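File shown here: run35.pdb, holding PDB, C-alpha atoms, pLDDT in the B column.
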ATOM      1  CA  MET A   1      16.501  -1.561   5.128  1.00 51.00           C
ATOM      2  CA  SER A   2      18.845   0.862   3.406  1.00 61.00           C
ATOM      3  CA  LYS A   3      21.592   2.442   5.477  1.00 75.00           C
ATOM      4  CA  ILE A   4      21.003   6.114   6.232  1.00 89.00           C
ATOM      5  CA  ILE A   5      24.084   8.163   7.118  1.00 92.00           C
ATOM      6  CA  VAL A   6      24.326  11.802   8.228  1.00 94.00           C
ATOM      7  CA  ASP A   7      27.528  13.730   8.924  1.00 94.00           C
ATOM      8  CA  ALA A   8      27.747  15.822  12.074  1.00 95.00           C
ATOM      9  CA  ASP A   9      30.154  18.167  13.829  1.00 94.00           C
ATOM     10  CA  LYS A  10      30.315  19.124  17.490  1.00 93.00           C
ATOM     11  CA  ARG A  11      28.907  22.556  18.200  1.00 90.00           C
ATOM     12  CA  GLU A  12      29.692  25.072  20.913  1.00 85.00           C
ATOM     13  CA  VAL A  13      26.774  27.347  20.109  1.00 75.00           C
ATOM     14  CA  ILE A  14      23.765  26.620  22.300  1.00 77.00           C
ATOM     15  CA  GLY A  15      20.600  28.333  23.508  1.00 76.00           C
ATOM     16  CA  LYS A  16      19.175  31.265  21.584  1.00 77.00           C
ATOM     17  CA  LYS A  17      22.414  31.676  19.653  1.00 77.00           C
ATOM     18  CA  VAL A  18      21.551  28.637  17.511  1.00 83.00           C
ATOM     19  CA  LYS A  19      19.529  31.015  15.326  1.00 86.00           C
ATOM     20  CA  VAL A  20      22.859  32.135  13.919  1.00 86.00           C
ATOM     21  CA  LEU A  21      23.705  28.536  13.022  1.00 87.00           C
ATOM     22  CA  ARG A  22      20.410  28.132  11.186  1.00 88.00           C
ATOM     23  CA  ARG A  23      21.013  31.302   9.187  1.00 89.00           C
ATOM     24  CA  GLU A  24      24.372  29.834   8.193  1.00 91.00           C
ATOM     25  CA  GLY A  25      22.715  26.674   6.887  1.00 91.00           C
ATOM     26  CA  PHE A  26      23.195  24.350   9.849  1.00 93.00           C
ATOM     27  CA  LEU A  27      20.680  22.243  11.750  1.00 93.00           C
ATOM     28  CA  PRO A  28      21.257  22.099  15.523  1.00 94.00           C
ATOM     29  CA  ALA A  29      20.800  18.673  17.088  1.00 94.00           C
ATOM     30  CA  VAL A  30      21.773  16.570  20.067  1.00 96.00           C
ATOM     31  CA  ILE A  31      23.009  12.992  20.270  1.00 97.00           C
ATOM     32  CA  TYR A  32      22.694  10.954  23.470  1.00 96.00           C
ATOM     33  CA  GLY A  33      22.063   7.440  24.716  1.00 95.00           C
ATOM     34  CA  HIS A  34      23.899   4.142  24.848  1.00 93.00           C
ATOM     35  CA  GLY A  35      27.584   4.513  25.723  1.00 90.00           C
ATOM     36  CA  ILE A  36      27.905   8.295  25.338  1.00 92.00           C
ATOM     37  CA  ASP A  37      27.136  11.511  27.174  1.00 92.00           C
ATOM     38  CA  SER A  38      24.827  14.043  25.562  1.00 94.00           C
ATOM     39  CA  ILE A  39      26.646  15.920  22.796  1.00 95.00           C
ATOM     40  CA  ALA A  40      25.438  19.059  21.005  1.00 95.00           C
ATOM     41  CA  ILE A  41      25.986  18.672  17.256  1.00 95.00           C
ATOM     42  CA  ALA A  42      25.334  20.533  14.012  1.00 95.00           C
ATOM     43  CA  LEU A  43      24.413  19.080  10.617  1.00 94.00           C
ATOM     44  CA  ASN A  44      24.042  20.406   7.120  1.00 95.00           C
ATOM     45  CA  HIS A  45      20.472  21.692   7.181  1.00 93.00           C
ATOM     46  CA  LYS A  46      19.582  21.181   3.523  1.00 91.00           C
ATOM     47  CA  ALA A  47      21.019  17.669   3.163  1.00 90.00           C
ATOM     48  CA  THR A  48      19.820  16.393   6.549  1.00 91.00           C
ATOM     49  CA  SER A  49      16.328  17.822   6.225  1.00 89.00           C
ATOM     50  CA  ARG A  50      15.909  16.041   2.901  1.00 88.00           C
ATOM     51  CA  ILE A  51      16.901  12.733   4.548  1.00 88.00           C
ATOM     52  CA  LEU A  52      14.906  13.113   7.757  1.00 88.00           C
ATOM     53  CA  ALA A  53      11.744  14.285   6.016  1.00 81.00           C
ATOM     54  CA  LYS A  54      11.359  10.765   4.577  1.00 81.00           C
ATOM     55  CA  ALA A  55      12.767   8.818   7.542  1.00 85.00           C
ATOM     56  CA  GLU A  56      10.435   6.884   9.836  1.00 87.00           C
ATOM     57  CA  SER A  57      10.814   6.800  13.612  1.00 89.00           C
ATOM     58  CA  SER A  58      11.933   3.171  13.263  1.00 92.00           C
ATOM     59  CA  ASN A  59      14.637   3.928  10.680  1.00 93.00           C
ATOM     60  CA  LEU A  60      18.175   3.263  11.889  1.00 94.00           C
ATOM     61  CA  ILE A  61      20.262   6.369  11.170  1.00 95.00           C
ATOM     62  CA  ILE A  62      24.046   6.378  11.388  1.00 96.00           C
ATOM     63  CA  VAL A  63      25.426   9.659  12.720  1.00 96.00           C
ATOM     64  CA  LYS A  64      29.099  10.123  11.770  1.00 96.00           C
ATOM     65  CA  LEU A  65      30.863  12.252  14.366  1.00 95.00           C
ATOM     66  CA  ASP A  66      34.626  12.698  14.829  1.00 92.00           C
ATOM     67  CA  GLY A  67      35.364   9.690  12.624  1.00 91.00           C
ATOM     68  CA  LYS A  68      33.046   7.390  14.561  1.00 95.00           C
ATOM     69  CA  GLU A  69      29.666   6.005  13.505  1.00 95.00           C
ATOM     70  CA  TYR A  70      26.802   5.995  16.005  1.00 96.00           C
ATOM     71  CA  PRO A  71      23.667   3.922  15.300  1.00 96.00           C
ATOM     72  CA  THR A  72      20.705   6.061  16.300  1.00 97.00           C
ATOM     73  CA  LEU A  73      16.948   6.501  16.131  1.00 95.00           C
ATOM     74  CA  VAL A  74      15.306   9.896  15.807  1.00 94.00           C
ATOM     75  CA  ARG A  75      13.426  10.489  19.048  1.00 92.00           C
ATOM     76  CA  GLU A  76      12.161  14.003  18.352  1.00 91.00           C
ATOM     77  CA  LYS A  77      11.962  16.429  15.450  1.00 91.00           C
ATOM     78  CA  GLN A  78      11.057  20.061  16.106  1.00 90.00           C
ATOM     79  CA  TRP A  79       9.517  21.873  13.138  1.00 88.00           C
ATOM     80  CA  ASP A  80       8.842  25.423  12.087  1.00 87.00           C
ATOM     81  CA  TYR A  81       5.456  24.644  10.555  1.00 85.00           C
ATOM     82  CA  ILE A  82       5.118  28.075   8.956  1.00 86.00           C
ATOM     83  CA  ARG A  83       8.373  27.754   7.018  1.00 83.00           C
ATOM     84  CA  ARG A  84       8.075  23.941   6.867  1.00 84.00           C
ATOM     85  CA  SER A  85      11.614  23.683   8.121  1.00 87.00           C
ATOM     86  CA  LEU A  86      13.352  21.548  10.740  1.00 90.00           C
ATOM     87  CA  LEU A  87      14.503  23.428  13.834  1.00 91.00           C
ATOM     88  CA  HIS A  88      16.113  20.730  15.984  1.00 92.00           C
ATOM     89  CA  VAL A  89      16.588  16.954  16.114  1.00 94.00           C
ATOM     90  CA  ASP A  90      17.215  14.528  18.977  1.00 95.00           C
ATOM     91  CA  PHE A  91      19.175  11.384  18.060  1.00 96.00           C
ATOM     92  CA  GLN A  92      19.222   8.483  20.520  1.00 96.00           C
ATOM     93  CA  VAL A  93      22.217   6.151  20.258  1.00 97.00           C
ATOM     94  CA  VAL A  94      21.115   2.510  20.503  1.00 96.00           C
ATOM     95  CA  SER A  95      22.866  -0.761  21.206  1.00 96.00           C
ATOM     96  CA  MET A  96      22.751  -3.102  18.224  1.00 95.00           C
ATOM     97  CA  THR A  97      22.594  -6.092  20.600  1.00 96.00           C
ATOM     98  CA  GLU A  98      19.711  -4.879  22.790  1.00 96.00           C
ATOM     99  CA  THR A  99      16.029  -4.699  21.870  1.00 97.00           C
ATOM    100  CA  ILE A 100      14.287  -1.341  21.842  1.00 96.00           C
ATOM    101  CA  ALA A 101      10.635  -0.296  21.661  1.00 96.00           C
ATOM    102  CA  VAL A 102       9.528   2.103  18.907  1.00 96.00           C
ATOM    103  CA  MET A 103       6.348   3.158  17.152  1.00 95.00           C
ATOM    104  CA  VAL A 104       6.061   1.709  13.629  1.00 96.00           C
ATOM    105  CA  ARG A 105       3.746   3.088  10.934  1.00 95.00           C
ATOM    106  CA  ILE A 106       0.818   1.014   9.650  1.00 97.00           C
ATOM    107  CA  GLU A 107       0.350   0.921   5.859  1.00 96.00           C
ATOM    108  CA  LEU A 108      -2.864  -0.460   4.362  1.00 97.00           C
ATOM    109  CA  ILE A 109      -2.355  -2.299   1.068  1.00 96.00           C
ATOM    110  CA  GLY A 110      -4.583  -4.175  -1.366  1.00 95.00           C
ATOM    111  CA  VAL A 111      -8.239  -3.691  -2.285  1.00 95.00           C
ATOM    112  CA  SER A 112     -11.122  -4.887  -0.133  1.00 95.00           C
ATOM    113  CA  PRO A 113     -13.832  -6.888  -2.029  1.00 95.00           C
ATOM    114  CA  ALA A 114     -16.386  -5.359   0.345  1.00 94.00           C
ATOM    115  CA  VAL A 115     -15.467  -1.927  -1.019  1.00 94.00           C
ATOM    116  CA  GLU A 116     -15.451  -3.050  -4.652  1.00 92.00           C
ATOM    117  CA  ASN A 117     -18.549  -5.255  -4.601  1.00 92.00           C
ATOM    118  CA  PHE A 118     -20.767  -3.772  -1.917  1.00 91.00           C
ATOM    119  CA  GLY A 119     -19.770  -0.108  -1.852  1.00 90.00           C
ATOM    120  CA  ALA A 120     -18.422  -0.335   1.687  1.00 92.00           C
ATOM    121  CA  ILE A 121     -16.224   2.307   3.258  1.00 94.00           C
ATOM    122  CA  LEU A 122     -12.778   1.232   4.424  1.00 95.00           C
ATOM    123  CA  ILE A 123     -12.069   2.771   7.813  1.00 95.00           C
ATOM    124  CA  SER A 124      -8.501   2.708   9.109  1.00 94.00           C
ATOM    125  CA  GLY A 125      -7.766   2.245  12.788  1.00 95.00           C
ATOM    126  CA  VAL A 126      -4.528   3.275  14.501  1.00 96.00           C
ATOM    127  CA  ASN A 127      -1.789   4.786  12.334  1.00 95.00           C
ATOM    128  CA  GLU A 128       1.074   3.123  14.193  1.00 96.00           C
ATOM    129  CA  ILE A 129       1.748   0.392  16.740  1.00 97.00           C
ATOM    130  CA  GLU A 130       4.518  -0.197  19.258  1.00 97.00           C
ATOM    131  CA  ILE A 131       7.077  -2.829  18.316  1.00 97.00           C
ATOM    132  CA  GLU A 132      10.051  -4.183  20.244  1.00 97.00           C
ATOM    133  CA  ALA A 133      13.031  -5.593  18.357  1.00 97.00           C
ATOM    134  CA  LEU A 134      16.733  -5.274  17.755  1.00 97.00           C
ATOM    135  CA  PRO A 135      17.496  -1.995  15.938  1.00 95.00           C
ATOM    136  CA  SER A 136      18.619  -3.868  12.816  1.00 94.00           C
ATOM    137  CA  ASP A 137      15.308  -5.779  12.665  1.00 95.00           C
ATOM    138  CA  LEU A 138      12.961  -2.812  12.972  1.00 95.00           C
ATOM    139  CA  PRO A 139      10.734  -2.400   9.886  1.00 94.00           C
ATOM    140  CA  GLU A 140      10.092   0.978   8.273  1.00 92.00           C
ATOM    141  CA  SER A 141       6.382   0.163   8.275  1.00 95.00           C
ATOM    142  CA  ILE A 142       4.011  -2.768   8.726  1.00 96.00           C
ATOM    143  CA  GLU A 143       1.822  -3.634   5.755  1.00 96.00           C
ATOM    144  CA  VAL A 144      -1.779  -4.642   6.434  1.00 96.00           C
ATOM    145  CA  ASP A 145      -3.470  -6.412   3.500  1.00 96.00           C
ATOM    146  CA  VAL A 146      -7.166  -5.494   3.336  1.00 96.00           C
ATOM    147  CA  SER A 147      -7.947  -7.823   0.409  1.00 95.00           C
ATOM    148  CA  ALA A 148      -9.270 -10.382   2.901  1.00 93.00           C
ATOM    149  CA  LEU A 149     -12.081  -8.025   3.960  1.00 96.00           C
ATOM    150  CA  GLU A 150     -14.819  -9.557   1.809  1.00 95.00           C
ATOM    151  CA  LYS A 151     -17.988  -8.481   3.624  1.00 94.00           C
ATOM    152  CA  ILE A 152     -19.262  -5.347   5.331  1.00 94.00           C
ATOM    153  CA  GLY A 153     -18.189  -5.518   8.946  1.00 94.00           C
ATOM    154  CA  ASP A 154     -15.028  -7.564   8.296  1.00 96.00           C
ATOM    155  CA  SER A 155     -11.990  -6.248  10.140  1.00 96.00           C
ATOM    156  CA  VAL A 156      -8.275  -6.698  10.747  1.00 96.00           C
ATOM    157  CA  GLN A 157      -6.853  -6.511  14.254  1.00 97.00           C
ATOM    158  CA  ILE A 158      -3.264  -6.678  15.424  1.00 97.00           C
ATOM    159  CA  ARG A 159      -3.770 -10.319  16.414  1.00 96.00           C
ATOM    160  CA  ASP A 160      -4.446 -11.126  12.722  1.00 96.00           C
ATOM    161  CA  LEU A 161      -1.012  -9.966  11.568  1.00 95.00           C
ATOM    162  CA  GLU A 162       1.638 -12.441  10.499  1.00 93.00           C
ATOM    163  CA  LEU A 163       4.883 -10.871  11.665  1.00 95.00           C
ATOM    164  CA  SER A 164       8.462 -12.017  11.928  1.00 94.00           C
ATOM    165  CA  ASP A 165       9.316 -13.807  15.158  1.00 95.00           C
ATOM    166  CA  LYS A 166      12.013 -11.153  15.564  1.00 97.00           C
ATOM    167  CA  LEU A 167       9.298  -8.607  16.330  1.00 97.00           C
ATOM    168  CA  THR A 168       7.296  -8.335  19.547  1.00 97.00           C
ATOM    169  CA  VAL A 169       4.102  -6.283  19.416  1.00 97.00           C
ATOM    170  CA  LEU A 170       3.517  -4.259  22.580  1.00 98.00           C
ATOM    171  CA  THR A 171       0.228  -2.668  21.528  1.00 97.00           C
ATOM    172  CA  ASP A 172      -2.985  -4.455  22.570  1.00 97.00           C
ATOM    173  CA  GLN A 173      -3.623  -7.452  20.292  1.00 96.00           C
ATOM    174  CA  HIS A 174      -7.297  -6.489  19.904  1.00 97.00           C
ATOM    175  CA  THR A 175      -6.489  -3.037  18.502  1.00 97.00           C
ATOM    176  CA  MET A 176      -8.363  -2.382  15.251  1.00 96.00           C
ATOM    177  CA  LEU A 177      -6.274  -1.710  12.144  1.00 97.00           C
ATOM    178  CA  ALA A 178      -9.011  -1.603   9.486  1.00 96.00           C
ATOM    179  CA  VAL A 179     -12.737  -2.345   9.166  1.00 96.00           C
ATOM    180  CA  THR A 180     -15.273  -2.180   6.337  1.00 95.00           C
ATOM    181  CA  SER A 181     -18.406  -0.198   7.094  1.00 93.00           C
ATOM    182  CA  ALA A 182     -21.705   0.418   5.300  1.00 88.00           C
ATOM    183  CA  MET A 183     -22.321   3.730   3.544  1.00 70.00           C
ATOM    184  CA  ALA A 184     -23.559   6.442   5.893  1.00 50.00           C
ATOM    185  CA  GLU A 185     -27.128   6.431   4.561  1.00 46.00           C
ATOM    186  CA  GLU A 186     -27.339   2.652   5.050  1.00 47.00           C
ATOM    187  CA  ILE A 187     -26.346   2.813   8.700  1.00 44.00           C
ATOM    188  CA  VAL A 188     -29.650   4.365   9.773  1.00 46.00           C
ATOM    189  CA  ASP A 189     -31.903   1.714  11.338  1.00 48.00           C
ATOM    190  CA  GLU A 190     -35.081   0.988   9.407  1.00 48.00           C
ATOM    191  CA  VAL A 191     -38.207   1.242  11.593  1.00 47.00           C
ATOM    192  CA  ASP A 192     -41.237  -0.922  10.784  1.00 51.00           C
ATOM    193  CA  ALA A 193     -44.247   1.217   9.839  1.00 45.00           C
ATOM    194  CA  GLU A 194     -46.552  -0.632  12.245  1.00 49.00           C
ATOM    195  CA  GLU A 195     -44.065  -0.138  15.119  1.00 52.00           C
ATOM    196  CA  LEU A 196     -43.929   3.555  14.295  1.00 46.00           C
ATOM    197  CA  LEU A 197     -47.753   3.808  14.378  1.00 49.00           C
ATOM    198  CA  GLU A 198     -47.881   1.916  17.642  1.00 54.00           C
ATOM    199  CA  GLY A 199     -45.321   4.291  19.051  1.00 51.00           C
ATOM    200  CA  GLU A 200     -47.321   7.316  17.983  1.00 49.00           C
ATOM    201  CA  GLU A 201     -50.514   5.803  19.456  1.00 52.00           C
ATOM    202  CA  GLY A 202     -48.704   5.193  22.703  1.00 49.00           C
ATOM    203  CA  ILE A 203     -47.572   8.816  22.828  1.00 45.00           C
ATOM    204  CA  GLU A 204     -51.112  10.019  22.124  1.00 51.00           C
ATOM    205  CA  GLU A 205     -52.528   7.795  24.910  1.00 49.00           C
ATOM    206  CA  ALA A 206     -49.917   9.076  27.332  1.00 44.00           C
ATOM    207  CA  GLU A 207     -50.735  12.692  26.446  1.00 46.00           C
ATOM    208  CA  GLU A 208     -54.469  12.009  26.892  1.00 52.00           C
ATOM    209  CA  GLY A 209     -53.754  10.493  30.290  1.00 50.00           C
ATOM    210  CA  VAL A 210     -51.807  13.581  31.382  1.00 41.00           C
ATOM    211  CA  GLU A 211     -54.586  15.857  30.152  1.00 47.00           C
ATOM    212  CA  GLY A 212     -57.163  13.780  32.080  1.00 49.00           C
ATOM    213  CA  GLU A 213     -55.126  14.051  35.288  1.00 46.00           C
ATOM    214  CA  GLU A 214     -54.788  17.817  34.835  1.00 44.00           C
ATOM    215  CA  ALA A 215     -58.580  18.142  34.326  1.00 44.00           C
ATOM    216  CA  ALA A 216     -59.232  16.092  37.472  1.00 44.00           C
ATOM    217  CA  GLU A 217     -57.015  18.442  39.467  1.00 46.00           C
TER     218      GLU A 217
END
Target encoding C-alpha cells, full file:
Amino acid sequence: MSKIIVDADKREVIGKKVKVLRREGFLPAVIYGHGIDSIAIALNHKATSRILAKAESSNLIIVKLDGKEYPTLVREKQWDYIRRSLLHVDFQVVSMTETIAVMVRIELIGVSPAVENFGAILISGVNEIEIEALPSDLPESIEVDVSALEKIGDSVQIRDLELSDKLTVLTDQHTMLAVTSAMAEEIVDEVDAEELLEGEEGIEEAEEGVEGEEAAE
C-alpha cells in the first residue's frame, strides 16, 4: 500500500468561526487516539481533499504535525453535498503494533460464465466487510473473483474467500458477496394448465356451495 502523507498545523479557531478558515482555503480537522490528546488541526483544503476523496477507510494516512508523523485512519468525513466539498475530517491515531477493526470495501472482479452463457444477472451482496488486522496489513479493498460462478444460483460468501492469515474477518462468514440470478421474466413460476383448470373448478364449486347455503337461509 502506498504511503499517504498530509501536512497539518494546529488551529485555535473552533466552532462556527471555522467558516473563516474554509474561506481562506483550509480544511478543519481533529486528530485523536493512541498516545495523544485530541488536537484541533487545519490542512490545505485543495490538496487534502484531492487525497481523501480517493482514500479508503482502511488506508493508513500519515498526518505530519509539528515535525512528528502520526499514523492514522480516517474515522469520519463530513461533506457539503451541494458544493461537493469536504467540511471536516476526524483522524484516529493508531498503534502500529496493535490490531484494529475497520470496514474494507468489496470489489467484484472477473466475468461470471453464468452471465455470459446463460444470461444471468450478477447481484452483489454487501459493499464492505469488517476486518481486523495490524494497520500496516489492512488492504485497500478485498477482491472477489466471480469467474467461478458458472451456473444460475451459484454464489460467493465470505467463507469462500482466501485471505491472508494476517487478516481476521469479523463479519458473519455466511454473508453473501455475490450471486447469479435468472432474468426477471424467468423467475415467475410456471403453472401447469391442468392445475390452473383444477384451481378454477375448485373456486367455482366453492362459490356454488356458498350460493346454495345462502338460498337455504
Can you translate the PyMOL selection byres ((chain A and resi 176-184) around 10) into the concrete residues it hits in this file, as a compact mmCIF listing (two decimals) with C-alpha atoms, in the coordinates of the input?
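Wrote it out as part.txt, contents follow:
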# COMPACT_ATOMS: atom_id res chain seq x y z
CA ILE A 106 0.82 1.01 9.65
CA GLU A 107 0.35 0.92 5.86
CA LEU A 108 -2.86 -0.46 4.36
CA SER A 112 -11.12 -4.89 -0.13
CA PRO A 113 -13.83 -6.89 -2.03
CA ALA A 114 -16.39 -5.36 0.34
CA VAL A 115 -15.47 -1.93 -1.02
CA PHE A 118 -20.77 -3.77 -1.92
CA GLY A 119 -19.77 -0.11 -1.85
CA ALA A 120 -18.42 -0.34 1.69
CA ILE A 121 -16.22 2.31 3.26
CA LEU A 122 -12.78 1.23 4.42
CA ILE A 123 -12.07 2.77 7.81
CA SER A 124 -8.50 2.71 9.11
CA GLY A 125 -7.77 2.24 12.79
CA VAL A 126 -4.53 3.28 14.50
CA ASN A 127 -1.79 4.79 12.33
CA GLU A 128 1.07 3.12 14.19
CA ILE A 129 1.75 0.39 16.74
CA VAL A 144 -1.78 -4.64 6.43
CA ASP A 145 -3.47 -6.41 3.50
CA VAL A 146 -7.17 -5.49 3.34
CA LEU A 149 -12.08 -8.02 3.96
CA GLU A 150 -14.82 -9.56 1.81
CA LYS A 151 -17.99 -8.48 3.62
CA ILE A 152 -19.26 -5.35 5.33
CA GLY A 153 -18.19 -5.52 8.95
CA ASP A 154 -15.03 -7.56 8.30
CA SER A 155 -11.99 -6.25 10.14
CA VAL A 156 -8.28 -6.70 10.75
CA GLN A 157 -6.85 -6.51 14.25
CA ILE A 158 -3.26 -6.68 15.42
CA ARG A 159 -3.77 -10.32 16.41
CA ASP A 160 -4.45 -11.13 12.72
CA LEU A 161 -1.01 -9.97 11.57
CA ASP A 172 -2.98 -4.46 22.57
CA GLN A 173 -3.62 -7.45 20.29
CA HIS A 174 -7.30 -6.49 19.90
CA THR A 175 -6.49 -3.04 18.50
CA GLU A 185 -27.13 6.43 4.56
CA GLU A 186 -27.34 2.65 5.05
CA ILE A 187 -26.35 2.81 8.70
CA VAL A 188 -29.65 4.36 9.77
*Which is closest to Ile61 in chain A among A:Glu132, A:Glu116, A:Asp7, A:Glu12, if we use only C-alpha atoms?*
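Answer, going by the shortest atom-to-atom distance: A:Asp7.
The residue that comes closest to Trp79 in chain A, out of A:Ile109, A:Ala53, A:Val18, A:Ile4 and on the basis of only C-alpha atoms, is A:Ala53.
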*Could you work out how far CA of Pro135 in chain A lies from CA of Val94 in chain A, giving the answer in Å with one decimal?*
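Taking CA of Val94 in chain A as the start and CA of Pro135 in chain A as the end point, the length is 7.4 Å.
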*Could you please determine the separation between CA of Ile41 in chain A and CA of Asp137 in chain A in Å, to one decimal place?*
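Spanning CA of Ile41 in chain A to CA of Asp137 in chain A is a straight-line distance of 27.1 Å.
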_Point-to-point distance from CA of Arg11 in chain A to CA of Asn44 in chain A, Å rounded to tenths_ =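 Pair CA of Arg11 in chain A / CA of Asn44 in chain A returns 12.3 Å.
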*Just say which residues the PyMOL selection byres ((chain A and resi 26) around 12) picks in this file, as number ranges by chain.*
A: 7-11, 13, 18-25, 27-29, 41-49, 85-89
Put a box with edges along x, y and z around all the listed atoms of range 12-26 of chain A, pad it by 3 Å on each side, then give me its centre and sizes in Å, one decimal, as lines of an AutoDock Vina configuration file.
center_x = 24.4
center_y = 28.2
center_z = 15.2
size_x = 16.5
size_y = 13.8
size_z = 22.6
*Using all atoms listed in the file, determine which residues lie at most 12 Å from Ile36 in chain A, disregarding the query and same-chain residues fewer than 4 positions distant; provide the list as a ChimeraX atom specification.*
/A:30-32,40,68,70-72,91-95
*Out of A:Ile82, A:Ala55, A:Ile100, A:Val111, which residue has the shortest atom-to-atom distance to Ala133 in chain A when counting all atoms listed in the file?*
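Closest to Ala133 in chain A, using all atoms listed in the file: A:Ile100.
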_Which residues are near range 101-105 of chain A? Cut-off 10 Å, all atoms listed in the file, ignore same chain within fewer than 2 positions. Put them as a PyMOL selection string._
chain A and resi 56-59+73+75+99+107-108+126-135+138-143+167-171
*Minimum-distance residue to Val63 in chain A, chosen among A:Asp37, A:Glu98, A:Asp165, A:Asp90 (using all atoms listed in the file)*: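 Of the candidates, the smallest distance to Val63 in chain A is held by A:Asp90.
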